[in-house]
Amino acid sequence: MSTTSLDARIPEGPIEDKWDNHKFAVKLVNPSNRRKFKIVVVGSGLGGASAAATLGELGYEVELVTFHDSPRRAHSIAAQGGINGAKNYRNDGDSVYRLFYDTVKGGDYRAREANVYRLAQVSVNIIDQCVAQGVPFAREYGGLLDNRSFGGAQVSRTFYARGQTGQQLLLGAYQALARQVHLGNVTVHNRTEMLDLVLKDGQAIGIVGRDLISGEVRSFSGHAVVLATGGYGNVFYLSTNAKQSNASAIWRAHRRGAALANPCYTQIHPTCIPASDDFQSKLTLMSESLRNDGRIWVPKNPSDTRPARQIPDTDRDYYLERRYPAFGNLVPRDVASRASKKEVDEGRGVGPLKNGVYLDFADSIQRLGRHAIEERYGNLFQMYDRITGEDPYAMPMRIYPAVHYTMGGLWVDYNLMSNVPGLYVLGEANFSDHGANRLGASALMQGLADGYFVLPATIGDYLAPQLGTEPIATDDPVFSEAEAEVDDRVRALLSVNGSRTVDWFHRELGKTLWDNCGMARSKESLERALADIPTLRDEFHKDVRVNGDGESLNQSLEKAGRVADFLEFGELMVRDALHREESCGGHFRVEHQTEEGEALRDDEDFSYVGAWEYTGDLANPTLHKEPLDFENVKLAQRSYK
Amino acid sequence: MKVTLKLWRQEGPDTKGAFASYNVDDVSPDMSFLELIDVLNERLITDGDEPVAFDHDCREGICGSCSMMINGRAHGPELGTATCQLHMRKFEDGAHITVEPWRARAFPIIKDLCVDRSAFDRIVEAGGYITAPTGTAPDANLILVPKEVADAAMDAAACIGCGACVAACPNGAAQLFTAAKLQHLNLLPQGQPERWARTVAMVDEMEQWFGSCTNHGECEAACPKEISLDFIALLNRDYIRAQFKQRRLAGQKN
């Protein structure tokens with residue numbers, strides 16, 4: 001197992017030439033040979049759908065596995081605000097270099113320069129590609145594309161489709177995928193969940209999936225496996241992720257040898273609707289784009305009970321504008337979130353549970369008119385009204401930070417291949433581009449960059465030498481053994497017959513993590529979590545109750561498998577947070593902060609990617625370090641003042 | 001609040017289903033309708049019963065997974081609202097609420113409230129796309145799209161594919177879904193080259209699965225994204241025009 005080696009395979013040369021040089025250097029598969037290769041893609045969000053469609057277009061045989069009933073339902077669909085592209089259509093000084101710089105800086109200098117530069121480079125192609133597919137981006141009256149600005153940037157480089165950008169981009173990728181299904185290049189296996197990764201002689205050769213309707217456990221074999229299975233934010237139970245988003249695919253790959261990098265980097269999004277009661281099943285995000293026109297404030301006096309509209313300006317504290325005059329309400333997410341937490345912790349929170357801050361549109365409505373605000377955010381305002389029963393045109397929204405995105409994920413090299421040969425990881429499931437904090441409108445960009453442009457250009461390097469080999473047959477012992485293990489796990493969950501529901505355990509785990517490994521972490525809190533999680537995990541396996549059988553649709557059983565994996569994953573996340581004795585981006589250790597309460601990095605000791613190897617003992621994973629070299633961007637304390 | 005649910009339970013596609021009645025106490029007005037089912041399910045599990053199976057995911061009205069007939073109406077009483085965004089404050093204390101799965105021949109029941117909506121994917125696969133292989137696109141601003149056109153295309157593209165239109169239709173027709181998917185692309189300049197072939201392919205595929213449209217308009221009323229019936233008129237117009245436009249061009253051999 002300790003053969004794990006982390007060679008990032010970053011190409012030589014100046015940063016602006018690396019990607020071109022690399023594309024020339026890698027091996028290719030010629031068009032007529034591509035149909036001889038089979039690729040298994042897991043996940044149908046932006047990364048998975050765009051990869052499957054593009055690999056199909058290139059001529060590869062693709063099998064796409066998704067637990068959704070239709071690829072179009074993947075959680076990318078819920079992204080609201082937009083997608084960045086370094087087009088400089090606004091003539092406001094944007095460039096590939098600036099997007100690269102903003103992303104590295106926004107990520108608090110914990111991302112790989114070469115990957116980020118490439119991301120910024122292909123961002124322009126993504127916009128072109130999506131427009132050609134018919135994505136209905138917002139337009140100016142002259143017919144040209146419109147842009148908006150987003151947190152962490154001083155230029156307007158974000159393309160958007162009302163407040164439904166993720167939906168429209170996913171539909172674009174899904175339609176491209178549908179075309180490949182029609183042409184017979186891609187086969188979609190819906191309502192099928194990946195439950196294990198299968199290796200032979202150290203190489204990824206397929207997966208084991210479970211048909212969620214019939215319960216049948218079966219294998220999918222290919223020359224390479226691509227995971228695009230999203231992030232692990234639901235480990236916190238309450239998050240803005242869709243209810244079914246889970247970490248099982250990456251956790252199962254991790255248990256088979258894939259290194260998991262930086263799991264402690266979790267992003268808490270500043271603008272979500274605060275929880276209303278104990279039954280809350282998830283939190284709803286209000287797009288960050290709202291911060292363009294909304295002003296964030298709390299009453300200066302914690303015991304002010306007047307309705308928001310009756311509190312005069314002099315009694316309000318626009319704390320972001322006060323503390324960060326240059327960026328104001330548009331500071332990056334981690335900075336905005338911690339600032340809200342401070343206000344609420346100090347008793348200035350608003351709403352019945354005093355668990356939020358105001359996001360106020362009164363000034364913008366006065367300046368631009370209600371119609372303009374409606375055009376920009378109409379559907380978001382409607383969504384807010386529906387959930388809270390309050391009209392944001394008449395009174396300010398109440399918002400509070402919530403878990404939203406996870407920067408950590410499976411470790412990948414420049415080709416997006418993990419340390420397990422033949423296993424590729426795309427989108428939020430990998431760790432590569434956002435460092436310790438992701439900028440707004442960059443998740444959609446990364447998912448599509450990986451799927452449309454990066455993977456299709458790099459996968460040939462791995463496949464070409466395999467020309468002439470067949471995928472391993474699914475009756476090979478490696479497959480039947482993995483299937484048997486999956487069967488055993490399913491049966492074990494069904495046979496506990498305990499007294500508590502899966503959701504109960506999930507909620508407990510979530511509380512432990514949010515309290516101890518959430519927006520602020522300390523050695524003490526993390527050690528507390530490390531004591532609690534294994535106990536909860538043991539209790540789960542002794543006392544969980546899953547009714548029904550494994551031979552038909554059983555949603556409790558599905559959840560039980562995912563929560564079992566979260567209970568293991570959560571421990572690694574805490575261990576990672578404990579080992580990283582610095583604050584950076586979304587990882588804030590209270591022991592490491594500046595006098596003003598900002599994150600204090602330790603570049604001397606922690607300028608590396610922390611990639612964990614599974615050893616069979618959850619209490620003793622092995623840490624591998626990939627040093628981060630910054631040749632282009634000068635490391636500095638982030639300042640958004 | 002307290003409510004009584006009369007809920008459709010069905011073990012599998014081939015078994016006979018029936019209504020079961022459940023009282024749920026301690027309902028908070030701030031709960032969503034799906035959270036109500038969550039609470040019921042927690043109790044059923046603890047009592048040793050099988051929880052109610054239902055499709056759901058994003059719970060913010062965009063993934064299109066949730067699919068319940070509530071008191072005979074797709075997604076319940078609120079206009080422009082998916083089940084996940086329907087909150088209990090819209091119901092009276094003590095209300096009796098009937099909950100059923102989508103009712104349509106093209107959407108067979110899988111279990112309880114889950115149905116199989118793959119027929120929608122078949123319609124899109126038949127032609128609901130623009131052929132633009134990755135890498136071939138010109139600069140995005142070379143394609144001018146008048147704002148009104150982009151806005152209209154977006155109105156159609158807002159469809160979440162939930163199937164409420166079909167469930168609400170007395171004929172089980174999928175005209176509103178198909179029209180939304182079709183007109184999103186047919187309205188845009190990028191969609192023109194394949195417009196007529198796409199129209200015929202998608203409509204013909206739709207006809208394989210779904211009933212016929214008789215302009216009832218129930219679909220528009222049920223649509224959580226309030227997609228306009230006008231798109232069906234545009235679909236019909238395009239379908240007729242396609243019969244003429246599909247002709248071979250003069251001088252073309254095949």
# chains A, B, ... in the order shown; residues from 1 in each chain; ligands from 1
call {"tool": "residues_around", "arguments": {"residues": "Met417 in chain A", "least_positions_apart": "6", "cutoff": "9 Å", "atoms": "only C-alpha atoms", "output": "list in words"}}
result
Val226, Trp411, Leu423, Tyr424, Val425, Leu426, Leu455, Thr458 and Ile459 of chain A
call {"tool": "write_last_selection", "arguments": {"atoms": "C-alpha atoms", "output": "PDB file, in the first residue's frame"}}
result
ATOM      1  CA  VAL A 226     -13.895   8.434 -14.445  1.00  0.00           C
ATOM      2  CA  TRP A 411      -5.945  13.739  -5.317  1.00  0.00           C
ATOM      3  CA  LEU A 423      -8.865   6.311 -12.237  1.00  0.00           C
ATOM      4  CA  TYR A 424      -9.709   9.885 -13.269  1.00  0.00           C
ATOM      5  CA  VAL A 425     -11.553  12.339 -11.069  1.00  0.00           C
ATOM      6  CA  LEU A 426     -13.387  15.460 -12.268  1.00  0.00           C
ATOM      7  CA  LEU A 455      -9.957  14.923 -19.607  1.00  0.00           C
ATOM      8  CA  THR A 458      -5.313  13.754 -21.377  1.00  0.00           C
ATOM      9  CA  ILE A 459      -7.010  10.364 -21.171  1.00  0.00           C
TER      10      ILE A 459
END
call {"tool": "residues_around", "arguments": {"residues": "Phe150 in chain A", "least_positions_apart": "4", "cutoff": "7 Å", "atoms": "only C-alpha atoms", "output": "VMD selection string"}}
result
chain A and resid 158 289 330 440
call {"tool": "interface_residues", "arguments": {"of": "chain A", "to": "chain B", "cutoff": "7 Å", "atoms": "only C-alpha atoms", "output": "ChimeraX atom specification"}}
result
/A:54,57,70,73,75,77-78,127-129,131-134,136,138-145,175-176,178-179,181-182,241-244,276,279,281,284,386-387,452,499-501,547-548,555
call {"tool": "select_by_dssp", "arguments": {"residues": "range 217-444 of chain A", "states": "helix (DSSP H, G or I)", "output": "ChimeraX atom specification"}}
result
/A:233-236,248-255,288-292,308-310,313-315,319-323,328-330,333-345,362-368,370-388,427-429,443-444
call {"tool": "residues_around", "arguments": {"residues": "Phe19 in chain B", "least_positions_apart": "6", "cutoff": "8 Å", "atoms": "only C-alpha atoms", "output": "VMD selection string"}}
result
chain B and resid 6 to 9
call {"tool": "select_by_dssp", "arguments": {"residues": "range 62-156 of chain B", "states": "strand (DSSP E or B)", "output": "PyMOL selection string"}}
result
chain B and resi 68-70+73-74+87+96-101+109-111+114-115
call {"tool": "residues_around", "arguments": {"residues": "range 93-102 of chain B", "least_positions_apart": "2", "cutoff": "6 Å", "atoms": "only C-alpha atoms", "output": "VMD selection string"}}
result
chain B and resid 1 to 8 68 to 71 113 167
call {"tool": "decode", "arguments": {"residues": "range 378-423 of chain A", "atoms": "C-alpha atoms", "output": "PDB file, in the first residue's frame"}}
result
ATOM      1  CA  GLY A 378     -36.826  37.565  -9.682  1.00  0.00           C
ATOM      2  CA  ASN A 379     -36.710  33.811  -9.237  1.00  0.00           C
ATOM      3  CA  LEU A 380     -34.487  34.064  -6.162  1.00  0.00           C
ATOM      4  CA  PHE A 381     -36.808  36.534  -4.503  1.00  0.00           C
ATOM      5  CA  GLN A 382     -39.713  34.260  -5.276  1.00  0.00           C
ATOM      6  CA  MET A 383     -37.862  31.279  -3.823  1.00  0.00           C
ATOM      7  CA  TYR A 384     -37.092  33.228  -0.667  1.00  0.00           C
ATOM      8  CA  ASP A 385     -40.683  34.327  -0.309  1.00  0.00           C
ATOM      9  CA  ARG A 386     -41.884  30.770  -0.690  1.00  0.00           C
ATOM     10  CA  ILE A 387     -39.574  29.344   1.926  1.00  0.00           C
ATOM     11  CA  THR A 388     -39.872  32.043   4.553  1.00  0.00           C
ATOM     12  CA  GLY A 389     -43.241  33.597   3.808  1.00  0.00           C
ATOM     13  CA  GLU A 390     -41.551  37.027   3.710  1.00  0.00           C
ATOM     14  CA  ASP A 391     -41.423  39.403   0.746  1.00  0.00           C
ATOM     15  CA  PRO A 392     -37.826  40.541   0.073  1.00  0.00           C
ATOM     16  CA  TYR A 393     -39.031  43.523  -1.971  1.00  0.00           C
ATOM     17  CA  ALA A 394     -40.699  44.851   1.170  1.00  0.00           C
ATOM     18  CA  MET A 395     -38.268  43.748   3.865  1.00  0.00           C
ATOM     19  CA  PRO A 396     -34.626  42.637   3.843  1.00  0.00           C
ATOM     20  CA  MET A 397     -33.758  38.965   3.452  1.00  0.00           C
ATOM     21  CA  ARG A 398     -32.319  37.146   6.423  1.00  0.00           C
ATOM     22  CA  ILE A 399     -29.248  35.136   5.576  1.00  0.00           C
ATOM     23  CA  TYR A 400     -26.674  32.999   7.340  1.00  0.00           C
ATOM     24  CA  PRO A 401     -23.700  30.919   6.206  1.00  0.00           C
ATOM     25  CA  ALA A 402     -24.135  27.233   5.392  1.00  0.00           C
ATOM     26  CA  VAL A 403     -21.945  24.425   4.100  1.00  0.00           C
ATOM     27  CA  HIS A 404     -21.962  24.710   0.369  1.00  0.00           C
ATOM     28  CA  TYR A 405     -18.944  23.340  -1.447  1.00  0.00           C
ATOM     29  CA  THR A 406     -15.967  21.184  -0.671  1.00  0.00           C
ATOM     30  CA  MET A 407     -12.592  22.085  -2.140  1.00  0.00           C
ATOM     31  CA  GLY A 408     -10.952  18.860  -0.988  1.00  0.00           C
ATOM     32  CA  GLY A 409     -11.393  15.607  -2.854  1.00  0.00           C
ATOM     33  CA  LEU A 410      -9.497  12.789  -4.469  1.00  0.00           C
ATOM     34  CA  TRP A 411      -5.945  13.739  -5.317  1.00  0.00           C
ATOM     35  CA  VAL A 412      -5.272  14.034  -9.069  1.00  0.00           C
ATOM     36  CA  ASP A 413      -2.260  14.881 -11.196  1.00  0.00           C
ATOM     37  CA  TYR A 414      -2.183  17.417 -14.029  1.00  0.00           C
ATOM     38  CA  ASN A 415      -3.958  14.840 -16.239  1.00  0.00           C
ATOM     39  CA  LEU A 416      -6.755  14.567 -13.641  1.00  0.00           C
ATOM     40  CA  MET A 417      -5.672  11.003 -12.905  1.00  0.00           C
ATOM     41  CA  SER A 418      -5.555   9.885  -9.290  1.00  0.00           C
ATOM     42  CA  ASN A 419      -2.625   7.943  -7.874  1.00  0.00           C
ATOM     43  CA  VAL A 420      -4.516   4.793  -8.938  1.00  0.00           C
ATOM     44  CA  PRO A 421      -3.643   4.343 -12.625  1.00  0.00           C
ATOM     45  CA  GLY A 422      -6.735   4.494 -14.816  1.00  0.00           C
ATOM     46  CA  LEU A 423      -8.865   6.311 -12.237  1.00  0.00           C
TER      47      LEU A 423
END
